[in-house]
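Q: Compact mmCIF, C-alpha atoms, saved as structure_6.txt, coming up:
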# COMPACT_ATOMS: atom_id res chain seq x y z
CA MET F 23 29.21 -6.84 4.74
CA GLN F 24 31.93 -5.72 7.15
CA GLU F 25 32.76 -2.58 9.11
CA GLY F 26 34.98 -0.35 7.01
CA GLN F 27 33.50 -1.63 3.74
CA GLU F 28 32.39 0.89 1.10
CA VAL F 29 28.98 0.31 -0.50
CA LYS F 30 26.71 2.13 -2.92
CA LEU F 31 23.12 2.78 -1.85
CA GLN F 32 19.90 4.28 -3.20
CA ILE F 33 18.31 6.38 -0.45
CA THR F 34 14.58 5.67 -0.39
CA ASP F 35 13.42 7.44 2.77
CA ILE F 36 14.47 9.22 5.98
CA ASN F 37 14.03 7.73 9.46
CA ARG F 38 12.73 9.56 12.53
CA TYR F 39 16.26 10.71 13.40
CA GLY F 40 16.74 12.40 10.00
CA GLU F 41 19.06 9.69 8.64
CA GLY F 42 18.77 8.48 5.06
CA ILE F 43 17.58 4.88 4.60
CA GLY F 44 19.07 2.56 2.00
CA ARG F 45 19.43 -1.19 1.48
CA VAL F 46 22.30 -3.32 0.25
CA ASP F 47 21.76 -6.28 -2.06
CA ASP F 48 20.98 -8.76 0.74
CA GLY F 49 18.27 -6.45 2.11
CA MET F 50 20.23 -5.16 5.10
CA VAL F 51 19.05 -1.65 6.07
CA VAL F 52 21.75 1.01 6.22
CA PHE F 53 21.17 4.37 7.94
CA VAL F 54 23.17 7.28 6.53
CA PRO F 55 23.26 10.65 8.36
CA GLY F 56 23.24 13.55 5.92
CA ALA F 57 21.74 11.62 2.99
CA VAL F 58 18.49 12.76 1.33
CA THR F 59 15.64 10.74 -0.19
CA GLY F 60 16.24 10.08 -3.89
CA GLU F 61 20.04 10.22 -3.72
CA GLN F 62 22.54 7.59 -4.82
CA VAL F 63 25.47 7.61 -2.43
CA THR F 64 28.67 5.86 -1.47
CA VAL F 65 29.03 5.18 2.24
CA CYS F 66 31.55 3.59 4.57
CA ILE F 67 30.01 1.10 7.00
CA GLU F 68 30.93 2.32 10.49
CA GLU F 69 28.58 0.25 12.64
CA LEU F 70 27.23 -3.21 11.88
CA ARG F 71 24.40 -4.75 13.89
CA LYS F 72 22.31 -7.87 13.44
CA ARG F 73 19.42 -6.12 11.69
CA TYR F 74 20.87 -2.86 10.45
CA ALA F 75 24.05 -0.95 9.74
CA ARG F 76 25.06 2.70 9.93
CA GLY F 77 27.32 4.35 7.40
CA THR F 78 29.23 7.59 6.89
CA LEU F 79 28.45 9.49 3.71
CA LEU F 80 31.52 9.55 1.46
CA GLU F 81 30.17 10.69 -1.90
CA THR F 82 26.87 11.76 -3.40
CA ILE F 83 26.74 10.18 -6.85
CA GLN F 84 23.27 11.47 -7.69
CA THR F 85 22.06 14.52 -5.75
CA SER F 86 18.44 14.98 -4.64
CA GLU F 87 16.54 17.99 -5.89
CA HIS F 88 15.66 18.62 -2.24
CA ARG F 89 19.26 19.03 -1.08
CA VAL F 90 20.28 22.60 -0.23
CA LYS F 91 23.41 24.20 1.17
CA PRO F 92 22.99 24.64 4.95
CA SER F 93 22.73 28.27 6.03
CA CYS F 94 24.99 27.57 9.01
CA ASP F 95 28.62 26.64 8.35
CA LEU F 96 28.60 24.49 11.50
CA ALA F 97 25.47 22.50 10.61
CA ALA F 98 27.40 19.36 9.64
CA SER F 99 29.33 19.20 12.93
CA CYS F 100 26.84 20.68 15.42
CA GLY F 101 24.16 18.32 16.66
CA GLY F 102 21.53 21.02 17.08
CA CYS F 103 19.69 20.98 13.74
CA ASN F 104 20.27 17.98 11.50
CA LEU F 105 17.87 18.82 8.64
CA GLN F 106 19.44 22.05 7.39
CA HIS F 107 20.69 20.25 4.26
CA ILE F 108 17.06 19.54 3.22
CA ALA F 109 14.85 22.21 1.63
CA TYR F 110 12.27 23.50 4.11
CA ASP F 111 9.22 22.47 2.04
CA GLU F 112 10.61 18.93 1.90
CA GLN F 113 11.17 18.97 5.67
CA LEU F 114 7.48 19.78 6.08
CA ARG F 115 6.39 17.03 3.69
CA TRP F 116 8.55 14.50 5.52
CA LYS F 117 7.22 15.53 8.95
CA THR F 118 3.61 15.14 7.80
CA THR F 119 4.42 11.67 6.45
CA LEU F 120 6.21 10.78 9.70
CA VAL F 121 3.10 11.58 11.76
CA ARG F 122 0.86 9.59 9.42
CA GLN F 123 3.16 6.57 9.42
CA ASN F 124 3.55 6.54 13.21
CA ILE F 125 -0.18 6.69 13.85
CA SER F 126 -0.81 3.86 11.40
CA ARG F 127 2.16 1.60 12.21
CA ILE F 128 2.68 2.17 15.93
CA GLY F 129 -0.83 3.13 16.99
CA GLY F 130 -2.56 0.72 14.61
CA VAL F 131 -5.19 3.39 14.02
CA ASP F 132 -6.70 3.97 10.60
CA GLY F 133 -9.28 6.61 9.79
CA GLY F 134 -9.37 10.20 10.91
CA VAL F 135 -7.82 13.06 8.98
CA VAL F 136 -4.10 13.85 9.29
CA ARG F 137 -3.67 17.34 7.86
CA ASP F 138 -0.52 18.75 6.31
CA ILE F 139 1.84 20.32 8.83
CA ILE F 140 1.66 24.08 9.43
CA GLY F 141 5.10 25.54 8.74
CA MET F 142 6.72 28.91 9.41
CA ALA F 143 7.04 31.77 6.94
CA ASP F 144 10.53 32.48 8.35
CA PRO F 145 11.94 29.34 10.01
CA TRP F 146 14.98 30.98 11.65
CA HIS F 147 15.83 32.59 15.01
CA TYR F 148 12.68 31.20 16.61
CA ARG F 149 14.00 29.66 19.83
CA ASN F 150 13.39 31.58 23.08
CA ASN F 151 15.32 29.00 25.14
CA VAL F 152 18.85 27.75 24.46
CA ARG F 153 21.31 25.77 26.54
CA PHE F 154 25.05 25.99 25.94
CA LYS F 155 27.91 23.82 27.10
CA VAL F 156 30.77 25.76 28.68
CA ARG F 157 34.42 24.82 28.26
CA TRP F 158 37.20 26.58 30.13
CA LYS F 159 40.75 26.80 28.80
CA GLY F 160 42.71 28.84 31.28
CA VAL F 161 40.88 32.15 31.52
CA LYS F 162 39.25 31.78 28.11
CA VAL F 163 35.69 30.47 27.76
CA ALA F 164 33.99 28.77 24.82
CA LEU F 165 30.21 28.36 24.52
CA GLY F 166 28.73 25.84 22.13
CA PHE F 167 26.83 22.60 21.58
CA PHE F 168 28.04 19.03 21.55
CA ALA F 169 28.50 17.40 18.16
CA ALA F 170 25.91 14.70 17.45
CA GLU F 171 26.33 11.63 19.67
CA SER F 172 29.52 12.94 21.27
CA HIS F 173 30.91 15.13 24.05
CA GLN F 174 33.01 17.15 21.62
CA LEU F 175 32.21 20.83 21.84
CA VAL F 176 31.49 22.70 18.63
CA ALA F 177 32.88 26.07 19.62
CA GLY F 178 31.24 29.13 18.11
CA ALA F 179 27.88 27.40 17.67
CA GLY F 180 26.60 29.08 20.80
CA THR F 181 26.99 32.72 19.86
CA ALA F 182 26.09 32.28 16.17
CA CYS F 183 23.15 29.85 16.30
CA LEU F 184 20.62 30.51 13.53
CA LEU F 185 17.78 28.94 15.52
CA ALA F 186 18.24 31.03 18.67
CA HIS F 187 16.56 34.42 18.94
CA ARG F 188 19.08 37.12 18.05
CA ASP F 189 18.78 38.64 21.53
CA LEU F 190 19.90 35.33 23.04
CA SER F 191 22.90 35.10 20.71
CA ARG F 192 23.93 38.60 21.76
CA ALA F 193 23.37 37.73 25.43
CA ALA F 194 25.42 34.53 25.06
CA LYS F 195 28.38 36.48 23.72
CA ALA F 196 28.05 38.98 26.58
CA VAL F 197 27.86 36.18 29.18
CA GLN F 198 30.99 34.66 27.70
CA GLU F 199 32.82 37.95 28.17
CA VAL F 200 31.54 38.30 31.75
CA LEU F 201 32.76 34.79 32.60
CA GLU F 202 36.20 35.52 31.20
CA ASP F 203 36.42 38.74 33.25
CA SER F 204 35.08 37.16 36.44
CA PRO F 205 37.39 35.88 39.19
CA ALA F 206 34.77 33.19 39.99
CA GLY F 207 36.16 31.21 37.00
CA ALA F 208 37.70 27.96 35.95
CA THR F 209 35.26 25.28 37.13
CA TRP F 210 31.80 26.81 37.28
CA PRO F 211 29.43 26.97 35.48
CA GLU F 212 29.54 23.90 33.21
CA GLU F 213 26.46 24.95 31.24
CA ILE F 214 24.44 28.09 30.66
CA MET F 215 20.73 28.29 29.85
CA LEU F 216 19.24 31.46 28.42
CA ARG F 217 15.48 32.11 28.28
CA ARG F 218 13.73 35.07 26.67
CA GLY F 219 10.17 36.34 26.94
CA SER F 220 8.40 38.22 24.18
CA THR F 221 8.64 41.16 26.59
CA GLY F 222 12.38 41.20 25.84
CA GLU F 223 13.27 40.00 29.36
CA ILE F 224 16.13 37.49 29.56
CA MET F 225 17.00 34.95 32.26
CA VAL F 226 20.50 33.51 32.65
CA VAL F 227 20.81 30.16 34.44
CA LEU F 228 24.28 29.03 35.54
CA ILE F 229 24.44 25.24 35.77
CA GLY F 230 27.06 23.02 37.36
CA LYS F 231 28.23 21.24 40.45
CA PRO F 232 27.83 23.18 43.70
CA ALA F 233 29.84 26.38 43.52
CA GLY F 234 30.81 26.23 47.16
CA ALA F 235 34.46 26.77 46.34
CA GLN F 236 33.69 30.17 44.88
CA SER F 237 33.79 33.08 47.28
CA ARG F 238 30.70 35.12 47.96
CA GLU F 239 32.42 38.18 46.56
CA ALA F 240 33.43 36.42 43.34
CA LEU F 241 29.93 35.08 42.76
CA ALA F 242 28.42 38.50 43.49
CA GLY F 243 30.78 40.05 40.95
CA LEU F 244 29.78 37.46 38.37
CA THR F 245 26.06 38.06 38.84
CA ARG F 246 26.52 41.85 38.77
CA GLY F 247 28.20 41.50 35.41
CA ILE F 248 25.39 39.30 34.09
CA LEU F 249 22.66 41.69 35.27
CA ALA F 250 24.41 44.51 33.42
CA ILE F 251 23.81 42.73 30.09
CA PRO F 252 21.00 44.48 28.15
CA GLY F 253 17.70 42.65 28.60
CA VAL F 254 18.82 40.43 31.48
CA VAL F 255 16.52 40.79 34.50
CA THR F 256 17.56 37.80 36.60
CA ALA F 257 20.38 35.32 37.17
CA VAL F 258 19.66 31.86 38.61
CA GLY F 259 22.05 29.16 39.78
CA TYR F 260 21.40 25.44 39.40
CA ALA F 261 23.65 23.26 41.52
CA ARG F 262 23.66 19.67 40.33
CA GLY F 263 23.33 16.99 42.97
CA THR F 264 26.37 15.00 44.06
CA GLY F 265 26.83 11.37 44.98
CA LYS F 266 23.56 9.47 45.26
CA LYS F 267 21.60 12.71 45.25
CA THR F 268 21.02 13.37 41.54
CA ASP F 269 18.39 16.10 41.84
CA GLY F 270 19.76 19.59 41.92
CA ARG F 271 18.32 22.81 43.24
CA TYR F 272 17.68 26.27 41.83
CA GLN F 273 18.69 29.45 43.63
CA THR F 274 17.98 33.01 42.57
CA LEU F 275 21.36 34.75 42.50
CA ALA F 276 20.17 38.18 41.40
CA GLY F 277 16.97 39.81 40.23
CA ARG F 278 13.44 38.47 40.75
CA GLY F 279 13.96 34.83 39.73
CA TYR F 280 11.63 34.80 36.74
CA ILE F 281 10.86 36.47 33.41
CA GLU F 282 7.51 37.35 31.88
CA ASP F 283 6.10 36.51 28.45
CA GLU F 284 3.05 37.78 26.57
CA MET F 285 0.98 35.50 24.36
CA ASP F 286 -2.31 36.28 22.63
CA GLY F 287 -3.56 38.68 25.31
CA LEU F 288 -2.20 36.75 28.29
CA ARG F 289 0.90 37.33 30.40
CA PHE F 290 2.93 34.51 31.92
CA ARG F 291 5.59 34.34 34.61
CA ILE F 292 8.28 31.76 33.83
CA SER F 293 10.78 30.51 36.40
CA ALA F 294 13.92 28.52 35.65
CA PRO F 295 12.60 24.94 36.14
CA SER F 296 9.27 25.52 34.40
CA PHE F 297 8.47 24.15 30.95
CA TYR F 298 7.46 26.71 28.34
CA GLN F 299 7.17 26.31 24.57
CA VAL F 300 10.31 27.46 22.74
CA ASN F 301 8.72 28.89 19.57
CA PRO F 302 6.41 31.83 20.43
CA SER F 303 4.75 32.41 17.06
CA GLN F 304 4.03 28.72 16.45
CA THR F 305 2.82 28.30 20.04
CA VAL F 306 -0.08 30.65 19.26
CA VAL F 307 -0.85 28.56 16.14
CA LEU F 308 -0.74 25.39 18.23
CA TYR F 309 -2.93 26.72 21.04
CA LYS F 310 -5.53 28.14 18.68
CA GLN F 311 -5.73 24.73 17.05
CA ALA F 312 -6.13 23.07 20.45
CA LEU F 313 -8.85 25.59 21.39
CA GLY F 314 -10.70 24.83 18.17
CA TYR F 315 -10.52 21.09 18.84
CA CYS F 316 -11.88 21.65 22.38
CA ALA F 317 -14.98 23.29 20.83
CA LEU F 318 -15.82 25.03 24.11
CA GLN F 319 -19.22 26.71 24.57
CA GLY F 320 -18.53 28.30 27.95
CA HIS F 321 -20.21 25.74 30.23
CA GLU F 322 -17.59 22.96 30.24
CA GLU F 323 -15.35 21.63 32.98
CA VAL F 324 -11.88 21.19 31.47
CA ALA F 325 -8.82 19.34 32.79
CA ASP F 326 -5.30 20.22 31.61
CA ALA F 327 -2.92 17.36 32.36
CA TYR F 328 0.80 18.22 32.47
CA CYS F 329 -0.11 21.91 32.63
CA GLY F 330 3.35 23.42 33.28
CA VAL F 331 3.05 27.12 34.12
CA GLY F 332 -0.61 27.05 33.12
CA THR F 333 -0.35 28.33 29.55
CA ILE F 334 -2.95 26.03 28.00
CA ALA F 335 -5.14 25.99 31.11
CA LEU F 336 -5.35 29.78 31.27
CA TYR F 337 -5.69 30.06 27.50
CA LEU F 338 -8.78 27.82 27.70
CA ALA F 339 -10.15 29.26 30.93
CA ARG F 340 -11.45 32.30 29.03
CA TYR F 341 -13.83 29.99 27.13
CA ALA F 342 -14.76 27.38 29.78
CA ARG F 343 -16.68 27.31 33.06
CA THR F 344 -13.80 25.84 35.09
CA VAL F 345 -10.32 24.46 34.40
CA ARG F 346 -8.16 22.21 36.56
CA GLY F 347 -4.43 21.97 35.86
CA TYR F 348 -2.27 19.04 36.95
CA GLU F 349 1.54 19.22 37.13
CA VAL F 350 4.28 17.35 39.01
CA VAL F 351 6.76 20.27 39.17
CA SER F 352 5.83 22.34 42.22
CA GLY F 353 7.64 25.45 40.96
CA ALA F 354 5.61 25.33 37.74
CA VAL F 355 2.39 25.11 39.75
CA ARG F 356 3.40 28.18 41.76
CA ASP F 357 4.00 29.97 38.46
CA ALA F 358 0.60 28.81 37.17
CA GLU F 359 -1.16 30.16 40.26
CA ALA F 360 0.70 33.45 39.96
CA ASN F 361 -0.18 33.60 36.26
CA ALA F 362 -3.86 33.17 37.04
CA VAL F 363 -3.69 36.14 39.39
CA LEU F 364 -1.61 38.10 36.87
CA ASN F 365 -4.35 37.65 34.26
CA SER F 366 -7.30 38.06 36.67
CA ILE F 367 -8.50 34.53 35.87
CA LYS F 368 -10.51 33.09 38.75
CA ASN F 369 -11.97 29.90 37.24
CA ALA F 370 -8.70 27.92 37.11
CA ARG F 371 -7.24 25.76 39.89
CA PHE F 372 -3.91 23.94 39.90
CA PHE F 373 -2.84 20.73 41.64
CA THR F 374 0.67 19.51 42.39
CA GLY F 375 1.65 15.87 41.97
CA ALA F 376 2.16 13.12 39.45
CA VAL F 377 -0.69 13.34 36.94
CA GLU F 378 -1.27 9.58 37.00
CA ARG F 379 -1.88 9.80 40.75
CA VAL F 380 -3.65 13.13 41.34
CA LEU F 381 -5.97 13.04 38.32
CA ALA F 382 -6.89 9.42 39.07
CA GLU F 383 -7.68 10.36 42.68
CA HIS F 384 -9.97 13.18 41.54
CA VAL F 385 -11.76 10.87 39.10
CA ASP F 386 -12.21 8.26 41.84
CA ARG F 387 -13.88 10.99 43.92
CA GLY F 388 -16.32 11.76 41.11
CA TYR F 389 -14.58 14.40 39.01
CA CYS F 390 -15.96 14.22 35.46
CA PRO F 391 -14.52 16.80 33.06
CA GLU F 392 -16.17 17.19 29.68
CA VAL F 393 -12.90 17.99 27.90
CA VAL F 394 -9.36 16.90 28.80
CA VAL F 395 -6.20 18.34 27.27
CA LEU F 396 -3.08 16.18 27.44
CA ASP F 397 0.30 17.85 26.92
CA PRO F 398 2.77 15.29 28.28
CA PRO F 399 6.58 15.22 28.03
CA ARG F 400 8.29 13.38 25.17
CA SER F 401 7.77 10.04 26.93
CA GLY F 402 3.99 10.41 26.56
CA CYS F 403 1.27 9.50 29.05
CA ARG F 404 1.39 6.81 31.69
CA PRO F 405 -1.33 4.16 31.15
CA GLU F 406 -2.91 5.16 34.48
CA VAL F 407 -3.67 8.62 33.05
CA LEU F 408 -5.44 7.19 30.01
CA ASP F 409 -7.32 4.69 32.18
CA ALA F 410 -8.51 7.57 34.38
CA LEU F 411 -9.84 9.35 31.28
CA ALA F 412 -11.86 6.32 30.30
CA GLN F 413 -13.22 6.02 33.84
CA SER F 414 -14.08 9.73 34.05
CA GLY F 415 -16.57 9.64 31.19
CA VAL F 416 -14.88 12.51 29.34
CA ARG F 417 -16.32 12.92 25.85
CA ARG F 418 -13.48 14.80 24.16
CA VAL F 419 -9.68 14.54 24.51
CA VAL F 420 -7.27 16.98 22.86
CA TYR F 421 -3.74 15.57 22.83
CA VAL F 422 -0.78 17.94 22.31
CA SER F 423 2.36 15.92 21.60
CA CYS F 424 6.04 16.60 20.91
CA ASP F 425 6.82 13.02 19.85
CA PRO F 426 4.89 11.22 17.05
CA ALA F 427 5.90 7.76 18.30
CA THR F 428 4.60 8.09 21.87
CA LEU F 429 1.58 9.99 20.55
CA ALA F 430 0.75 7.07 18.25
CA ARG F 431 1.19 4.59 21.12
CA ASP F 432 -1.19 6.56 23.36
CA VAL F 433 -3.76 7.14 20.59
CA GLY F 434 -3.76 3.38 20.02
CA TYR F 435 -4.29 2.78 23.75
CA LEU F 436 -7.17 5.26 23.85
CA HIS F 437 -8.67 3.59 20.79
CA ARG F 438 -8.80 0.30 22.69
CA LEU F 439 -10.49 2.14 25.59
CA GLY F 440 -13.33 3.31 23.35
CA PHE F 441 -12.04 6.59 21.88
CA VAL F 442 -11.80 7.50 18.20
CA MET F 443 -9.18 9.75 16.60
CA GLN F 444 -11.00 12.37 14.54
CA GLU F 445 -8.39 14.82 13.27
CA VAL F 446 -4.64 15.45 13.53
CA GLN F 447 -2.85 18.74 12.91
CA PRO F 448 0.98 18.75 13.00
CA VAL F 449 2.64 22.10 13.67
CA ASP F 450 6.30 22.77 12.87
CA MET F 451 7.55 24.14 16.17
CA PHE F 452 11.16 23.10 15.51
CA PRO F 453 12.22 23.84 11.90
CA HIS F 454 15.47 22.21 10.70
CA THR F 455 15.23 19.52 13.40
CA THR F 456 13.48 16.15 13.44
CA HIS F 457 11.07 17.16 16.22
CA VAL F 458 7.36 17.45 15.42
CA GLU F 459 4.58 18.99 17.52
CA THR F 460 1.10 17.61 16.92
CA VAL F 461 -2.41 18.32 18.23
CA VAL F 462 -5.09 15.62 17.95
CA ARG F 463 -8.87 15.69 18.46
CA ILE F 464 -10.18 12.46 19.98
CA GLU F 465 -13.82 11.67 20.76
CA ARG F 466 -15.39 8.98 22.88
CA ARG F 467 -16.93 6.35 20.64
Represent the supplied structure as structure tokens.
A:
Amino acid sequence: MQEGQEVKLQITDINRYGEGIGRVDDGMVVFVPGAVTGEQVTVCIEELRKRYARGTLLETIQTSEHRVKPSCDLAASCGGCNLQHIAYDEQLRWKTTLVRQNISRIGGVDGGVVRDIIGMADPWHYRNNVRFKVRWKGVKVALGFFAAESHQLVAGAGTACLLAHRDLSRAAKAVQEVLEDSPAGATWPEEIMLRRGSTGEIMVVLIGKPAGAQSREALAGLTRGILAIPGVVTAVGYARGTGKKTDGRYQTLAGRGYIEDEMDGLRFRISAPSFYQVNPSQTVVLYKQALGYCALQGHEEVADAYCGVGTIALYLARYARTVRGYEVVSGAVRDAEANAVLNSIKNARFFTGAVERVLAEHVDRGYCPEVVVLDPPRSGCRPEVLDALAQSGVRRVVYVSCDPATLARDVGYLHRLGFVMQEVQPVDMFPHTTHVETVVRIERR
């Protein structure tokens, strides 16, 4: 087989990136973006490696019953949601299978119940956080997303995205107009992030290299225009680091520097650098599942590792004796402390620092929570965190994951430390994408 060669394939499955999987006669695996399980296709081999190849879909000879026409005309070119060509019920089936396969193959864990994923009744316009690339052409501005695996802007995807909340699409169009009218122009910002709370409040974050070249008056005019957009309550600047300094810094340009969100009787303050779940309705489903797995009776000490702005910690604090939250982002910890005050919750404390260091230090000093919730980033938990859990004597671990592969790795590690996976509940937080959120109940053996 050579690059540029055309081959016919039977697609037998989909990989974790949403690409169809087929094999040529010699057994070589070929990954085909846009192909669906059950289809017979003709592809052109674009990339040839030692153990696999990747092909471009040329023709669908036999079409899968699960193929549908994407609702978005830009779905094929935009890299934002690469499963729109697959019927939603088939997306859900595939995601459940993906979680099961990862836990078995990567984690090496058999047993326990992996339940079918919980989907959405209306899987559109669910995102409360979107980030657009900005391209300047003279005084005209285009907002959009990069095409998959490229730096080519798909213009128009920003203001017409079917996954973004409608208020954010309207705000994106208004920000585009403000930028075009602003004398600050031409080089800054390079990206724009919009965040929305269920309160209707919107934050606009302007991202780029330091805007030192822009005059104070020009920047003030830009932020005044942004604050005039309906729903916008604050504008924040993020200046990327230069040279060897890669970390940037946030600066409130106008307004109060945060937005507020309401969730299941609680209110949360969210600042620009803080993590917050992007799908409000499914977040409640996820947290209720996590609460059920915690099985709290009101007397437990609970630890929330990677607590962000304190959403899970404060959600659980109403049902526990005490909760400790651990988070490396200092701004998120400040938000968590403010959120505790905002909700009159007095039995939650928050600690700043790397979880693998601070939690381990507390365990070394005798801290012994009865329940630990893990909600790490996509990279999963550091081994030191899982070792600290084993040392602490905790009897129940509830793991909230956004990546089935690192989840499976960590569940396997905990299994070797004496913990047993009891039940797994995937939740579809990101319809039409390959991402899967999962909550797992794990008990000490």
Q: Here is a test: counting all atoms listed in the file, which residue of F:Lys159, F:Arg115, F:Lys368, F:Arg438 is nearest to His88 in chain F?
A: F:Arg115
Q: Can you pull out the residues contacting Arg157 in chain F? Cut-off 10 Å, using only C-alpha atoms, and skip same-chain residues under 5 positions away; I want them as a ChimeraX atom specification.
A: /F:162-166,175,177,208-213
Q: Tell me, as a PyMOL selection string, which residues lie within 12 Å of range 313-317 of chain F, counting only C-alpha atoms; anything in the same chain fewer than 3 positions away does not count.
A: chain F and resi 306-310+320-326+334-342+392-396+416-422+443-447+461-465
Q: Do you have the CA of Arg271 in chain F-CA of Arg217 in chain F distance handy?
A: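 Atom-to-atom, CA of Arg271 in chain F and CA of Arg217 in chain F are spaced 17.8 Å apart.
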Q: Please, what distance in Å, to one decimal, runs between CA of Pro426 in chain F and CA of Ala354 in chain F?
A: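 Between CA of Pro426 in chain F and CA of Ala354 in chain F the gap works out to 25.1 Å.
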Q: Name the residues in contact with Gln304 in chain F at a cut-off of 12 Å, using only C-alpha atoms, excluding same-chain residues fewer than 6 positions from it; report them as a list in words.
A: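 Near Gln304 in chain F, the qualifying residues are Ile139, Ile140, Gly141, Met142, Ala143, Asp144, Pro145, Tyr148, Arg149, Asn150, Met285, Asp286, Lys310, Gln311, Pro448, Val449, Asp450, Met451, Phe452, Pro453, Val458, Glu459 and Thr460 of chain F.
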Q: Just the number, please: distance in Å from CA of Arg466 in chain F to CA of His384 in chain F, one decimal.
A: 19.9 Å
Q: Which residue gives the smallest distance to Gly247 in chain F among F:Asn365, F:Thr221, F:Gln198, F:Ser93, with all atoms listed in the file counted?
A: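 The answer is F:Gln198, which sits nearest to Gly247 in chain F.
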Q: Counting all atoms listed in the file, which of F:Thr428, F:Asn104, F:Asn151, F:Gln123 gets nearest to Ala194 in chain F?
A: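 Once distances to Ala194 in chain F are computed over all atoms listed in the file, the minimum belongs to F:Asn151.
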Q: Just give me the residues with any atom within 10 Å of (15.0, 36.6, 41.7), file coordinates, counting all atoms listed in the file, written as a list in words.
A: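 Those within range, by chain then number, are Met225, Val255, Thr256, Ala257, Val258, Gln273, Thr274, Leu275, Ala276, Gly277, Arg278, Gly279, Tyr280, Ile281 and Ser293 of chain F.
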Q: Would you please work out which residue, of F:Gly77, F:Gly178, F:Gly353, F:Gly415, is nearest to Tyr389 in chain F when using all atoms listed in the file?
A: F:Gly415
Q: Can you work out which one of F:Arg76, F:Asp357, F:Arg45, F:Asp35 has the shortest atom-to-atom distance to Glu112 in chain F, counting only C-alpha atoms?
A: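 Among F:Arg76, F:Asp357, F:Arg45, F:Asp35, it is F:Asp35 that comes nearest to Glu112 in chain F.
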Q: Show which residues sit within 10 Å of Ile36 in chain F, as a list in words. Count only C-alpha atoms, and ignore same-chain residues fewer than 3 positions away.
A: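 Within the cut-off, the hits are Ile33, Tyr39, Gly40, Glu41, Gly42, Ile43, Gly44, Phe53, Val54, Pro55, Gly56, Ala57, Val58, Thr59, Trp116 and Leu120 of chain F.
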Q: Return as JSON the box centre and box size in Å, one decimal, for an axis-aligned box around all listed atoms of range 313-318 of chain F padded by 6 Å per side.
A:
{"center_x": -12.3, "center_y": 23.3, "center_z": 21.1, "size_x": 19.0, "size_y": 16.5, "size_z": 17.9}
Q: From the list F:Val355, F:Met23, F:Cys100, F:Ala362, which residue is nearest Gln174 in chain F when using only C-alpha atoms?
A: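 Looking only at the distances to Gln174 in chain F, the closest residue turns out to be F:Cys100.
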